[in-house]
file query_14.cif (mmCIF, C-alpha atoms)
data_data
#
loop_
_atom_site.label_atom_id
_atom_site.label_comp_id
_atom_site.auth_asym_id
_atom_site.auth_seq_id
_atom_site.Cartn_x
_atom_site.Cartn_y
_atom_site.Cartn_z
CA MET U 547 227.80 15.02 -117.74
CA LYS U 548 227.30 18.80 -118.04
CA ILE U 549 224.13 18.26 -120.06
CA ARG U 550 222.60 16.13 -117.30
CA ILE U 551 223.34 18.72 -114.63
CA LEU U 552 221.92 21.52 -116.78
CA THR U 553 218.80 19.48 -117.53
CA LEU U 554 218.24 18.65 -113.86
CA ALA U 555 218.72 22.29 -112.89
CA CYS U 556 216.18 23.44 -115.47
CA VAL U 557 213.62 20.83 -114.46
CA SER U 558 213.94 21.62 -110.74
CA THR U 559 213.71 25.38 -111.39
CA THR U 560 210.59 24.89 -113.50
CA ALA U 561 208.98 22.73 -110.82
CA ALA U 562 209.71 25.32 -108.13
CA LEU U 563 208.25 28.14 -110.23
CA LEU U 564 205.12 26.17 -111.02
CA ALA U 565 204.61 25.33 -107.36
CA ALA U 566 204.79 29.02 -106.45
CA CYS U 567 202.29 29.93 -109.17
CA THR U 568 199.74 27.36 -108.04
CA ALA U 569 199.90 28.71 -104.47
CA VAL U 570 198.53 32.02 -105.77
CA TYR U 571 195.52 30.32 -107.35
CA LYS U 572 194.87 28.09 -104.35
CA ASN U 573 194.95 31.06 -101.98
CA SER U 574 192.67 33.08 -104.29
CA ASP U 575 190.15 30.24 -104.40
CA ALA U 576 190.36 29.77 -100.64
CA CYS U 577 189.68 33.48 -100.05
CA GLU U 578 186.68 33.41 -102.42
CA GLN U 579 185.22 30.39 -100.63
CA LEU U 580 185.82 31.98 -97.23
CA MET U 581 184.10 35.18 -98.40
CA ARG U 582 181.09 33.16 -99.58
CA SER U 583 180.86 31.21 -96.32
CA LYS U 584 181.17 34.35 -94.15
CA LEU U 585 178.35 36.00 -96.14
CA ALA U 586 176.22 32.86 -95.87
CA GLN U 587 176.58 33.00 -92.06
CA THR U 588 175.11 36.50 -91.92
CA SER U 589 172.51 36.48 -94.71
CA SER U 590 171.00 34.57 -97.60
CA ASP U 591 172.12 37.14 -100.18
CA THR U 592 173.92 36.14 -103.36
CA LEU U 593 177.60 36.94 -103.86
CA LYS U 594 178.96 37.45 -107.36
CA ILE U 595 182.74 37.63 -107.73
CA ARG U 596 184.00 40.18 -110.24
CA HIS U 597 187.76 40.26 -109.66
CA THR U 598 190.40 38.52 -107.57
CA GLY U 599 193.84 40.02 -107.08
CA ALA U 600 196.76 38.29 -105.40
CA GLY U 601 199.99 39.72 -104.05
CA ILE U 602 203.44 38.15 -104.10
CA ASP U 603 203.17 34.34 -103.84
CA GLY U 604 199.49 34.72 -102.85
CA SER U 605 200.38 36.12 -99.42
CA ARG U 606 197.68 38.81 -99.75
CA VAL U 607 194.47 38.29 -101.72
CA VAL U 608 191.72 40.84 -102.37
CA VAL U 609 188.39 39.65 -103.75
CA GLU U 610 185.93 42.14 -105.25
CA GLY U 611 182.36 41.55 -106.27
CA SER U 612 178.77 42.42 -105.49
CA ILE U 613 176.10 41.27 -103.08
CA GLU U 614 172.61 40.91 -104.54
CA HIS U 615 169.72 41.12 -102.10
CA VAL U 616 166.19 40.32 -103.26
CA MET U 617 163.97 42.90 -101.59
CA THR U 618 160.78 41.76 -99.89
CA ALA U 619 157.52 43.65 -100.29
CA SER U 620 157.98 45.29 -96.88
CA GLU U 621 161.50 46.45 -97.79
CA VAL U 622 160.23 47.94 -101.05
CA ALA U 623 157.46 49.74 -99.15
CA ALA U 624 159.98 51.06 -96.62
CA ALA U 625 162.25 52.21 -99.44
CA ARG U 626 159.37 54.06 -101.11
CA ALA U 627 158.50 55.70 -97.79
CA ALA U 628 162.12 56.74 -97.33
CA SER U 629 162.23 58.22 -100.82
CA ALA U 630 159.02 60.14 -100.18
CA VAL U 631 160.49 61.66 -97.03
CA GLY U 632 163.70 62.50 -98.90
CA ALA U 633 166.07 60.86 -96.44
CA GLY U 634 169.79 61.70 -96.55
CA THR U 635 172.62 59.47 -97.66
CA GLY U 636 173.91 55.98 -97.04
CA ALA U 637 171.45 53.10 -96.73
CA ALA U 638 168.49 55.43 -97.20
CA SER U 639 169.78 56.61 -100.58
CA GLU U 640 170.34 52.99 -101.65
CA ALA U 641 166.79 52.16 -100.60
CA ARG U 642 165.49 55.22 -102.43
CA ALA U 643 167.29 54.22 -105.62
CA ALA U 644 165.92 50.69 -105.33
CA ALA U 645 162.38 51.95 -104.81
CA GLN U 646 162.59 54.30 -107.78
CA ALA U 647 163.95 51.56 -110.02
CA GLN U 648 161.00 49.26 -109.35
CA ALA U 649 158.02 50.10 -111.46
CA PRO U 650 154.65 50.15 -109.68
CA GLY U 651 152.74 46.94 -110.30
CA SER U 652 155.83 45.06 -111.41
CA ASP U 653 155.78 41.32 -110.69
CA LYS U 654 159.56 40.90 -110.80
CA PRO U 655 161.31 41.02 -107.43
CA LYS U 656 163.65 43.97 -107.02
CA LYS U 657 167.32 43.32 -106.36
CA ALA U 658 169.43 45.69 -104.30
CA ILE U 659 173.08 45.44 -105.34
CA GLN U 660 175.96 46.46 -103.07
CA ALA U 661 179.67 46.47 -103.80
CA ALA U 662 181.61 43.94 -101.74
CA ALA U 663 185.30 43.35 -101.11
CA ALA U 664 187.32 41.22 -98.72
CA GLU U 665 191.00 40.79 -97.94
CA CYS U 666 192.78 37.61 -96.88
CA THR U 667 196.37 37.26 -95.80
CA PHE U 668 198.15 33.93 -95.95
CA HIS U 669 201.31 32.54 -94.40
CA GLY U 670 202.15 30.01 -97.10
CA PRO U 671 199.01 27.92 -97.60
CA VAL U 672 197.64 28.78 -94.12
CA LEU U 673 195.08 31.58 -93.71
CA GLY U 674 196.36 34.39 -91.49
CA THR U 675 193.51 36.91 -91.44
CA PHE U 676 190.21 37.62 -93.15
CA SER U 677 188.57 41.03 -93.17
CA TRP U 678 185.71 42.64 -95.04
CA LEU U 679 186.56 45.88 -96.84
CA ALA U 680 183.01 46.60 -98.09
CA PRO U 681 180.04 46.93 -97.49
CA ALA U 682 180.29 49.06 -94.39
CA LYS U 683 177.89 46.92 -92.35
CA LEU U 684 180.19 43.89 -92.74
CA ALA U 685 183.45 45.87 -92.57
CA ALA U 686 182.53 47.56 -89.30
CA PRO U 687 184.16 45.82 -86.36
CA SER U 688 181.83 44.11 -83.91
CA GLY U 689 181.65 45.14 -80.26
CA GLN U 690 183.90 42.26 -79.21
CA ASP U 691 186.63 43.29 -81.62
CA GLU U 692 186.57 46.87 -80.34
CA ASN U 693 186.83 45.68 -76.73
CA GLU U 694 189.82 43.50 -77.60
CA ALA U 695 191.51 46.43 -79.34
CA ASP U 696 191.06 48.63 -76.26
CA GLU U 697 192.78 46.11 -73.99
#
call {"tool": "encode", "arguments": {"input": "query_14.cif", "output": "structure tokens"}}
result
Amino acid sequence: MKIRILTLACVSTTAALLAACTAVYKNSDACEQLMRSKLAQTSSDTLKIRHTGAGIDGSRVVVEGSIEHVMTASEVAAARAASAVGAGTGAASEARAAAQAQAPGSDKPKKAIQAAAAECTFHGPVLGTFSWLAPAKLAAPSGQDENEADE
């Protein structure tokens, strides 16, 4: 009789632990997919995931990666003009680096790569919040969000 109780206790404990572990992976996958869909709504750039980290029971997930943007001819020309002027920091320095990296007369399209990160919080399997951490243009709150915060 004691062996049956011990066996049932072990099996139920194992099942509970496995269920908790799979929640972490499901939430991580859900956050990755949400990050991809949010980026697809704003641009046609490519997202490459580098790392996914999950907190306790998958309640907080941070996804890190990079956004690759294929520069058009006009963007390359603008980047070269910005590098010639010697513009300051931020987007201008990224454009300058991209323009310098592309060799004159090169047929290959130039890719601008930006670091990207997003954070998702979950209440069990249900998404609580999603927020961009990087790049700054996606992480910056929109005008509507600022107005709601002021109220």
call {"tool": "resolve_selection", "arguments": {"input": "query_14.cif", "expression": "the PyMOL selection byres ((chain U and resi 677) around 7)", "output": "PyMOL selection string"}}
result
chain U and resi 664-666+675-676+678-679
call {"tool": "write_last_selection", "arguments": {"input": "query_14.cif", "atoms": "C-alpha atoms", "output": "compact mmCIF listing (two decimals), in the frame of the given file"}}
result
# COMPACT_ATOMS: atom_id res chain seq x y z
CA ALA U 664 187.32 41.22 -98.72
CA GLU U 665 191.00 40.79 -97.94
CA CYS U 666 192.78 37.61 -96.88
CA THR U 675 193.51 36.91 -91.44
CA PHE U 676 190.21 37.62 -93.15
CA TRP U 678 185.71 42.64 -95.04
CA LEU U 679 186.56 45.88 -96.84
call {"tool": "atom_distance", "arguments": {"input": "query_14.cif", "atom1": "CA of Ser605 (chain U)", "atom2": "CA of Leu580 (chain U)"}}
result
15.3 Å
call {"tool": "closest_residue", "arguments": {"input": "query_14.cif", "among": "U:Thr667, U:Thr592, U:Ser629, U:Ser558", "to": "His615 (chain U)", "atoms": "only C-alpha atoms"}}
result
U:Thr592
call {"tool": "closest_residue", "arguments": {"input": "query_14.cif", "among": "U:Leu673, U:Val557, U:Ala619, U:Ile595", "to": "Ala661 (chain U)", "atoms": "all atoms listed in the file"}}
result
U:Ile595
call {"tool": "closest_residue", "arguments": {"input": "query_14.cif", "among": "U:Pro681, U:Gly674, U:Gly611, U:Pro687", "to": "His597 (chain U)", "atoms": "all atoms listed in the file"}}
result
U:Gly611
call {"tool": "residues_around", "arguments": {"input": "query_14.cif", "residues": "Gln579 (chain U)", "least_positions_apart": "3", "cutoff": "12 Å", "atoms": "only C-alpha atoms", "output": "PyMOL selection string"}}
result
chain U and resi 572-576+582-586+593-595+598+609+664+666+676
call {"tool": "residues_near_point", "arguments": {"input": "query_14.cif", "point": "(168.4, 39.1, -101.9)", "cutoff": "9 Å", "atoms": "all atoms listed in the file", "output": "short mmCIF file (atom, residue, chain, number, x, y, z; two decimals) with C-alpha atoms, in the coordinates of the input"}}
result
data_model
loop_
_atom_site.label_atom_id
_atom_site.label_comp_id
_atom_site.auth_asym_id
_atom_site.auth_seq_id
_atom_site.Cartn_x
_atom_site.Cartn_y
_atom_site.Cartn_z
CA SER U 589 172.51 36.48 -94.71
CA SER U 590 171.00 34.57 -97.60
CA ASP U 591 172.12 37.14 -100.18
CA THR U 592 173.92 36.14 -103.36
CA ILE U 613 176.10 41.27 -103.08
CA GLU U 614 172.61 40.91 -104.54
CA HIS U 615 169.72 41.12 -102.10
CA VAL U 616 166.19 40.32 -103.26
CA MET U 617 163.97 42.90 -101.59
CA THR U 618 160.78 41.76 -99.89
CA LYS U 656 163.65 43.97 -107.02
CA LYS U 657 167.32 43.32 -106.36
CA ALA U 658 169.43 45.69 -104.30
CA ILE U 659 173.08 45.44 -105.34
#
call {"tool": "closest_residue", "arguments": {"input": "query_14.cif", "among": "U:Lys654, U:Val622, U:Gly670, U:Ala628", "to": "Ile602 (chain U)", "atoms": "only C-alpha atoms"}}
result
U:Gly670
call {"tool": "atom_distance", "arguments": {"input": "query_14.cif", "atom1": "CA of Ala680 (chain U)", "atom2": "CA of Gly601 (chain U)"}}
result
19.3 Å
call {"tool": "atom_distance", "arguments": {"input": "query_14.cif", "atom1": "CA of Gly604 (chain U)", "atom2": "CA of Tyr571 (chain U)"}}
result
7.4 Å
call {"tool": "closest_residue", "arguments": {"input": "query_14.cif", "among": "U:Ile551, U:Ala625, U:Val607, U:Cys556", "to": "Phe668 (chain U)", "atoms": "only C-alpha atoms"}}
result
U:Val607
